[in-house]
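Trainee: Structure file query.csv (CSV, C-alpha atoms and all ligand atoms) is given on the next line.
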```csv
chain,number,residue,atom,x,y,z
A,1,MET,CA,-9.6,27.7,0.9
A,2,ALA,CA,-7.5,25.2,-0.9
A,3,ILE,CA,-6.2,21.9,0.5
A,4,PRO,CA,-2.7,22.7,1.9
A,5,ASP,CA,0.4,20.6,1.3
A,6,ILE,CA,-0.3,17.7,3.6
A,7,ILE,CA,0.5,14.0,3.9
A,8,ILE,CA,-2.4,11.6,3.9
A,9,ALA,CA,-1.6,8.2,5.3
A,10,VAL,CA,-3.8,5.3,4.3
A,11,ASP,CA,-3.3,2.0,6.1
A,12,GLY,CA,-5.4,-1.1,6.5
A,13,PHE,CA,-5.9,-4.8,6.0
A,14,SER,CA,-5.1,-6.6,2.8
A,15,SER,CA,-7.5,-6.3,-0.1
A,16,THR,CA,-9.5,-3.4,1.5
A,17,GLY,CA,-8.9,-1.4,-1.7
A,18,LYS,CA,-6.3,1.0,-0.2
A,19,SER,CA,-4.5,1.6,-3.5
A,20,THR,CA,-7.6,2.0,-5.6
A,21,PHE,CA,-9.0,4.5,-3.0
A,22,ALA,CA,-5.6,6.4,-2.7
A,23,LYS,CA,-5.2,6.6,-6.5
A,24,LEU,CA,-8.7,8.0,-6.9
A,25,ILE,CA,-8.2,10.6,-4.1
A,26,ALA,CA,-4.8,11.5,-5.7
A,27,ALA,CA,-6.5,12.1,-9.0
A,28,GLU,CA,-9.5,14.0,-7.6
A,29,PHE,CA,-7.6,16.3,-5.3
A,30,ALA,CA,-4.2,16.6,-7.0
A,31,PHE,CA,-2.1,14.6,-4.7
A,32,LEU,CA,1.1,12.6,-5.5
A,33,TYR,CA,0.3,8.9,-4.9
A,34,LEU,CA,3.0,6.7,-3.5
A,35,ASP,CA,2.5,2.9,-2.9
A,36,SER,CA,4.8,1.8,-0.1
A,37,GLY,CA,4.0,-1.9,-0.7
A,38,ALA,CA,5.4,-1.6,-4.2
A,39,MET,CA,8.8,-0.7,-2.6
A,40,TYR,CA,8.8,-3.9,-0.6
A,41,ARG,CA,7.8,-5.8,-3.7
A,42,GLY,CA,10.7,-4.1,-5.6
A,43,VAL,CA,13.2,-5.2,-3.0
A,44,THR,CA,11.8,-8.7,-3.2
A,45,LEU,CA,12.1,-8.8,-7.0
A,46,ALA,CA,15.7,-7.6,-6.9
A,47,GLY,CA,16.4,-10.3,-4.2
A,48,LEU,CA,15.0,-13.0,-6.4
A,49,GLU,CA,16.9,-11.8,-9.5
A,50,ALA,CA,20.2,-11.7,-7.5
A,51,GLY,CA,19.6,-15.2,-6.1
A,52,ALA,CA,19.4,-13.8,-2.5
A,53,ILE,CA,15.9,-15.4,-2.4
A,54,ALA,CA,15.6,-18.9,-3.7
A,55,ASP,CA,14.1,-22.3,-3.0
A,56,GLY,CA,11.7,-20.9,-0.4
A,57,LYS,CA,14.6,-19.3,1.6
A,58,ILE,CA,15.6,-15.7,2.1
A,59,ASP,CA,19.4,-15.2,2.6
A,60,GLU,CA,19.1,-12.1,4.7
A,61,ALA,CA,22.8,-11.1,4.5
A,62,ALA,CA,22.8,-11.4,0.7
A,63,LEU,CA,19.6,-9.5,0.4
A,64,LEU,CA,21.0,-6.6,2.5
A,65,GLU,CA,24.0,-6.5,0.1
A,66,VAL,CA,21.7,-6.3,-2.9
A,67,MET,CA,19.6,-3.5,-1.5
A,68,PRO,CA,21.6,-0.4,-0.8
A,69,PRO,CA,22.7,0.4,-4.4
A,70,LEU,CA,19.2,-0.3,-5.8
A,71,ASP,CA,17.8,2.5,-7.9
A,72,LEU,CA,14.1,1.9,-7.0
A,73,HIS,CA,12.0,4.9,-7.7
A,74,PHE,CA,8.5,6.0,-8.9
A,75,ARG,CA,7.7,7.7,-12.2
A,76,HIS,CA,4.4,9.3,-12.9
A,77,GLU,CA,3.1,8.3,-16.2
A,78,ASP,CA,-0.3,8.0,-17.9
A,79,GLY,CA,-2.0,9.6,-14.9
A,80,THR,CA,-0.6,6.9,-12.5
A,81,THR,CA,2.5,6.0,-10.5
A,82,LYS,CA,4.8,3.2,-11.6
A,83,LEU,CA,7.8,1.6,-9.9
A,84,TYR,CA,11.1,1.6,-11.8
A,85,LEU,CA,14.3,-0.2,-11.2
A,86,GLY,CA,16.8,2.0,-13.0
A,87,ASP,CA,15.2,2.5,-16.4
A,88,ARG,CA,13.1,-0.7,-16.2
A,89,CYS,CA,9.5,-0.5,-15.4
A,90,ILE,CA,8.8,-3.3,-12.9
A,91,GLU,CA,5.2,-2.5,-12.1
A,92,GLY,CA,4.0,-5.8,-13.8
A,93,GLU,CA,6.6,-8.1,-12.4
A,94,ILE,CA,6.2,-7.0,-8.8
A,95,ARG,CA,2.5,-8.0,-8.8
A,96,GLY,CA,3.4,-11.6,-9.9
A,97,TRP,CA,2.9,-14.7,-7.9
A,98,GLU,CA,6.6,-15.3,-7.0
A,99,VAL,CA,7.1,-11.8,-5.5
A,100,SER,CA,3.7,-12.0,-3.7
A,101,GLN,CA,4.8,-15.2,-2.1
A,102,TYR,CA,8.0,-13.7,-0.5
A,103,VAL,CA,7.1,-10.1,0.0
A,104,SER,CA,5.5,-10.4,3.5
A,105,PRO,CA,8.6,-12.1,5.1
A,106,VAL,CA,10.9,-9.7,3.3
A,107,SER,CA,8.9,-6.7,4.6
A,108,ALA,CA,9.4,-8.1,8.2
A,109,ILE,CA,13.2,-7.7,8.1
A,110,PRO,CA,14.0,-4.5,10.1
A,111,PRO,CA,16.9,-3.2,7.9
A,112,VAL,CA,14.7,-3.6,4.8
A,113,ARG,CA,12.0,-1.5,6.5
A,114,ALA,CA,14.5,1.2,7.5
A,115,TRP,CA,15.8,1.3,3.9
A,116,VAL,CA,12.3,1.6,2.4
A,117,ASP,CA,11.2,4.2,5.0
A,118,ASP,CA,14.2,6.3,4.2
A,119,ARG,CA,13.3,6.2,0.4
A,120,LEU,CA,9.7,7.0,1.2
A,121,HIS,CA,10.7,10.1,3.1
A,122,GLN,CA,12.9,11.3,0.2
A,123,PHE,CA,10.1,10.8,-2.3
A,124,SER,CA,7.6,12.7,-0.2
A,125,LYS,CA,9.5,16.0,0.1
A,126,GLY,CA,7.2,18.9,-0.7
A,127,GLY,CA,3.6,18.9,-2.2
A,128,ARG,CA,0.5,17.0,-1.3
A,129,VAL,CA,1.2,13.3,-0.8
A,130,ILE,CA,-1.1,10.3,-0.3
A,131,MET,CA,0.7,7.1,0.6
A,132,ASP,CA,-0.8,3.7,1.3
A,133,GLY,CA,0.6,0.8,3.3
A,134,ARG,CA,0.5,-0.9,6.7
A,135,ASP,CA,2.4,1.4,8.9
A,136,ILE,CA,2.3,4.8,7.2
A,137,GLY,CA,0.3,6.6,9.9
A,138,THR,CA,2.0,4.8,12.8
A,139,THR,CA,5.7,4.7,11.8
A,140,VAL,CA,6.6,6.2,8.4
A,141,PHE,CA,4.6,9.5,8.9
A,142,PRO,CA,3.3,9.5,12.5
A,143,ASP,CA,2.7,13.3,12.1
A,144,ALA,CA,0.7,12.9,8.9
A,145,GLN,CA,-2.1,15.5,8.9
A,146,LEU,CA,-4.7,13.0,7.9
A,147,LYS,CA,-4.8,9.3,8.7
A,148,ILE,CA,-7.2,6.8,7.3
A,149,PHE,CA,-7.5,3.2,8.4
A,150,MET,CA,-9.4,1.0,5.9
A,151,THR,CA,-11.2,-2.1,6.8
A,152,ALA,CA,-14.1,-4.3,5.4
A,153,ASP,CA,-15.7,-7.6,6.2
A,154,GLU,CA,-13.3,-10.4,5.3
A,155,ASN,CA,-15.7,-12.3,3.2
A,156,VAL,CA,-16.4,-9.2,1.1
A,157,ARG,CA,-12.7,-8.6,0.8
A,158,ALA,CA,-12.0,-12.2,-0.3
A,159,GLN,CA,-14.8,-12.1,-2.8
A,160,ARG,CA,-13.4,-8.9,-4.4
A,161,ARG,CA,-9.9,-10.4,-4.5
A,162,TYR,CA,-11.3,-13.6,-5.9
A,163,ASP,CA,-13.2,-11.8,-8.7
A,164,GLU,CA,-10.0,-9.8,-9.6
A,165,LEU,CA,-7.9,-13.0,-9.8
A,166,ALA,CA,-10.6,-14.8,-11.8
A,167,ALA,CA,-10.7,-11.9,-14.2
A,168,LYS,CA,-7.0,-12.4,-14.8
A,169,GLY,CA,-7.6,-16.0,-15.4
A,170,GLU,CA,-5.9,-17.3,-12.2
A,171,ASN,CA,-7.0,-20.7,-11.1
A,172,THR,CA,-7.9,-20.4,-7.4
A,173,THR,CA,-10.9,-20.9,-5.0
A,174,LEU,CA,-12.7,-18.5,-2.8
A,175,GLU,CA,-11.6,-20.5,0.3
A,176,GLU,CA,-7.9,-20.3,-0.7
A,177,VAL,CA,-8.2,-16.6,-1.2
A,178,LEU,CA,-9.9,-16.1,2.2
A,179,GLN,CA,-7.2,-18.2,3.9
A,180,ASN,CA,-4.4,-16.3,2.2
A,181,LEU,CA,-6.0,-13.0,3.2
A,182,ARG,CA,-6.2,-14.2,6.8
A,183,ASP,CA,-2.6,-15.4,6.8
A,184,ARG,CA,-1.3,-12.1,5.4
A,185,ASP,CA,-3.3,-10.0,7.9
A,186,TYR,CA,-2.1,-12.2,10.8
A,187,ARG,CA,1.6,-11.9,9.7
A,188,ASP,CA,1.4,-8.2,9.0
A,189,SER,CA,-0.3,-7.5,12.4
A,190,HIS,CA,1.9,-9.7,14.5
A,191,ARG,CA,5.4,-9.0,13.2
A,192,GLU,CA,7.8,-7.4,15.6
A,193,THR,CA,8.8,-4.3,13.6
A,194,SER,CA,6.1,-1.9,12.7
A,195,PRO,CA,3.1,-4.2,12.8
A,196,LEU,CA,-0.1,-3.2,11.1
A,197,ARG,CA,-2.3,-1.4,13.6
A,198,GLN,CA,-4.7,1.5,13.6
A,199,ALA,CA,-3.2,4.8,14.6
A,200,GLU,CA,-5.1,6.4,17.5
A,201,ASP,CA,-5.9,9.5,15.4
A,202,ALA,CA,-6.9,7.6,12.3
A,203,TYR,CA,-10.4,7.9,10.7
A,204,VAL,CA,-11.8,4.5,10.1
A,205,LEU,CA,-13.2,3.8,6.6
A,206,ASP,CA,-15.2,0.6,6.6
A,207,ASN,CA,-16.1,0.1,2.9
A,208,THR,CA,-18.0,-3.2,3.2
A,209,HIS,CA,-21.1,-1.7,1.8
A,210,MET,CA,-19.7,1.3,0.0
A,211,THR,CA,-19.1,2.1,-3.7
A,212,LEU,CA,-15.9,3.9,-4.8
A,213,HIS,CA,-18.0,7.1,-5.4
A,214,GLU,CA,-19.2,6.9,-1.8
A,215,GLU,CA,-15.7,6.5,-0.5
A,216,VAL,CA,-14.6,9.6,-2.4
A,217,VAL,CA,-17.6,11.6,-1.1
A,218,TRP,CA,-16.7,10.4,2.5
A,219,MET,CA,-13.1,11.8,1.9
A,220,LEU,CA,-14.4,15.0,0.5
A,221,GLY,CA,-16.5,15.5,3.7
A,222,LEU,CA,-13.4,14.8,5.8
A,223,LEU,CA,-11.3,17.3,3.9
A,224,GLN,CA,-14.0,19.9,4.1
A,225,GLY,CA,-14.4,19.5,7.8
A,226,LYS,CA,-10.7,19.4,8.5
A,227,PHE,CA,-9.4,22.1,6.2
A,228,GLY,CA,-12.5,24.4,5.9
A,229,LEU,CA,-13.0,23.7,2.3
A,230,LYS,CA,-16.3,25.5,1.5
A,231,GLU,CA,-16.8,24.4,-2.0
A,232,SER,CA,-17.0,20.9,-3.4
A,233,PRO,CA,-14.9,20.4,-6.5
A,234,GLY,CA,-16.9,18.6,-9.1
A,235,LEU,CA,-16.0,14.9,-8.6
A,236,SER,CA,-15.2,13.0,-11.7
A,237,CYS,CA,-15.9,9.6,-10.4
B,301,LIG,O1,0.1,-3.6,-0.2
B,301,LIG,P1,0.9,-4.7,-0.8
B,301,LIG,O2,0.1,-6.0,-0.8
B,301,LIG,O3,1.4,-4.4,-2.1
B,301,LIG,O4,2.1,-4.9,0.2
B,301,LIG,C1,3.0,-5.9,0.0
B,301,LIG,C2,3.6,-6.4,1.3
B,301,LIG,O5,4.4,-5.4,1.9
B,301,LIG,C3,2.5,-6.9,2.3
B,301,LIG,O6,2.9,-8.2,2.8
B,301,LIG,C4,2.7,-5.9,3.5
B,301,LIG,C5,4.0,-5.2,3.3
B,301,LIG,N1,3.9,-3.8,3.6
B,301,LIG,C6,4.4,-3.4,4.8
B,301,LIG,O7,4.8,-4.2,5.6
B,301,LIG,N2,4.4,-2.1,5.1
B,301,LIG,C7,3.9,-1.2,4.2
B,301,LIG,N3,3.9,0.1,4.6
B,301,LIG,C8,3.4,-1.6,3.0
B,301,LIG,C9,3.4,-2.9,2.7
```
How would this structure read if it were set down as structure tokens?

Mentor:
Amino acid sequence: MAIPDIIIAVDGFSSTGKSTFAKLIAAEFAFLYLDSGAMYRGVTLAGLEAGAIADGKIDEAALLEVMPPLDLHFRHEDGTTKLYLGDRCIEGEIRGWEVSQYVSPVSAIPPVRAWVDDRLHQFSKGGRVIMDGRDIGTTVFPDAQLKIFMTADENVRAQRRYDELAAKGENTTLEEVLQNLRDRDYRDSHRETSPLRQAEDAYVLDNTHMTLHEEVVWMLGLLQGKFGLKESPGLSC
């Protein structure tokens, strides 16, 4: 039996490796990968470019005017998914420091969430979809057939994030990274609209002591159990 056309929701704390995991699962089991955080980052970038976000302040009314006509969409290129604003690939810019600084408060604005949720539903019509974020299994797709909630020890998460930043040449300390991670988790879990929380029917994936290969094998076991897959496809990772 093949995997049916289902939606897999992957939620969890910051720096638990949600997108790395979701991309791998998408490649192994032929799912479309969608990164909901990228959409919030895209709105933030557009707000910065239009001057609706400046000098540490977000002009909410101006941001809500910038947003509706935005042509933010994903394109699938080179075996991965990239965010575009019109014909411009903004995948690099949305990961920069300035966007990262404002994206959490932008994502807490209810009309921004409603706009992004609407786009995510449009992008997910038909086929197998795996989407990662903070509220996919609780709000965006509460009926998703499979929900994963990712977590890991915060020191391990901070070390992984610190190693990533250090490899990019960013000048920071492990303590700063740990503090930033705690702040983001607190903000994301305590906002009023759609806070980060584990869906009751989510399977918890604690990858503190797991390799990526072990995570994929864990998922394969879940898919086999849930959908009666008898044979294991040869894993490529
Ligand atoms: O996953 P990320 O770091 O790219 O997400 C960027 C921000 O967007 C993060 O502060 C949390 C927020 N976000 C959210 O509120 N809901 C989602 N479904 C995805 C991301």

Trainee: Quote the spacing between atom CA of Asp11 of chain A and atom CA of Met150 of chain A in Å to one decimal place.

Mentor: 6.2 Å

Trainee: What's the 8 Å shell around segment 113-129 of chain A, counting only C-alpha atoms, without same-chain residues fewer than 2 positions away, as a list in words?

Mentor: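 The residues that qualify are Pro4, Asp5, Ile6, Ile7, Ile8, Ala26, Ala30, Phe31, Leu32, Tyr33, Leu34, Ser36, Met39, Tyr40, Pro68, Ser107, Ala108, Ile109, Pro110, Pro111, Met131 and Val140 of chain A.
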
Trainee: Any idea what's packed within 12 Å of segment 63-66 of chain A, counting only C-alpha atoms, ignoring anything in its chain fewer than 3 positions away? Could you give it as a ChimeraX atom specification?

Mentor: /A:42-54,57-60,69-72,106-107,109-116

Trainee: Set the cut-off to 8 Å, count only C-alpha atoms and all ligand atoms, and list whatever residues fall near ligand LIG 301 (chain B) as a PyMOL selection string.

Mentor: chain A and resi 11+14-15+18-19+35-41+95+100+103-108+113+132-136+140+184+187-188+194-196

Trainee: Which residues are close to Met219 of chain A, i.e. within 12 Å by only C-alpha atoms, leaving aside same-chain residues fewer than 2 positions away? Reply as a PyMOL selection string.

Mentor: chain A and resi 8+10+21-22+24-26+28-29+146-148+203-205+212-217+221-227+229+232+235

Trainee: Which distance in Å separates atom CA of Phe141 of chain A and atom CA of Asn180 of chain A, to one decimal?

Mentor: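 Computing the Euclidean distance for atom CA of Phe141 of chain A and atom CA of Asn180 of chain A yields 28.1 Å.
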
Trainee: What does the distance between atom CA of Gly92 of chain A and atom CA of Arg197 of chain A come to in Å, to one decimal place?

Mentor: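 Interatomic distance, atom CA of Gly92 of chain A to atom CA of Arg197 of chain A: 28.5 Å.
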
Trainee: Find the residue from A:Glu91, A:Tyr84, A:Gln101, A:Glu77 that sits nearest to Asp183 of chain A; use only C-alpha atoms when measuring.

Mentor: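 Ranked by minimum distance to Asp183 of chain A, first place goes to A:Gln101.
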
Trainee: Check the smallest atom-to-atom distance from each of A:Cys89, A:Val177, A:Ala144, A:Ile94 to Val156 of chain A using all atoms listed in the file, then report the winner.

Mentor: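 For Val156 of chain A, the nearest of the candidates is A:Val177.
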
Trainee: Taking all atoms listed in the file into account, which of A:Gly56, A:Ala62, A:Tyr186, A:Gly79 comes nearest Tyr102 of chain A?

Mentor: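 Of all the options, A:Gly56 lies closest to Tyr102 of chain A.
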
Trainee: Counting all atoms listed in the file, which residue out of A:Asp87, A:Glu154, A:Asp143, A:Glu98 sits closest to Arg75 of chain A?

Mentor: A:Asp87

Trainee: Using all atoms listed in the file, pick whichever of A:Gly86, A:Gly228, A:Arg160, A:Arg191 has the shortest atom-to-atom distance to Ile3 of chain A.

Mentor: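 Selected residue with least distance to Ile3 of chain A: A:Gly228.
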
Trainee: Please determine, counting all atoms listed in the file, which residue among A:Thr193, A:Asn155, A:Gln198, A:Thr80 has the shortest atom-to-atom distance to Glu176 of chain A.

Mentor: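 Residue with the minimum atom-to-atom distance to Glu176 of chain A: A:Asn155.
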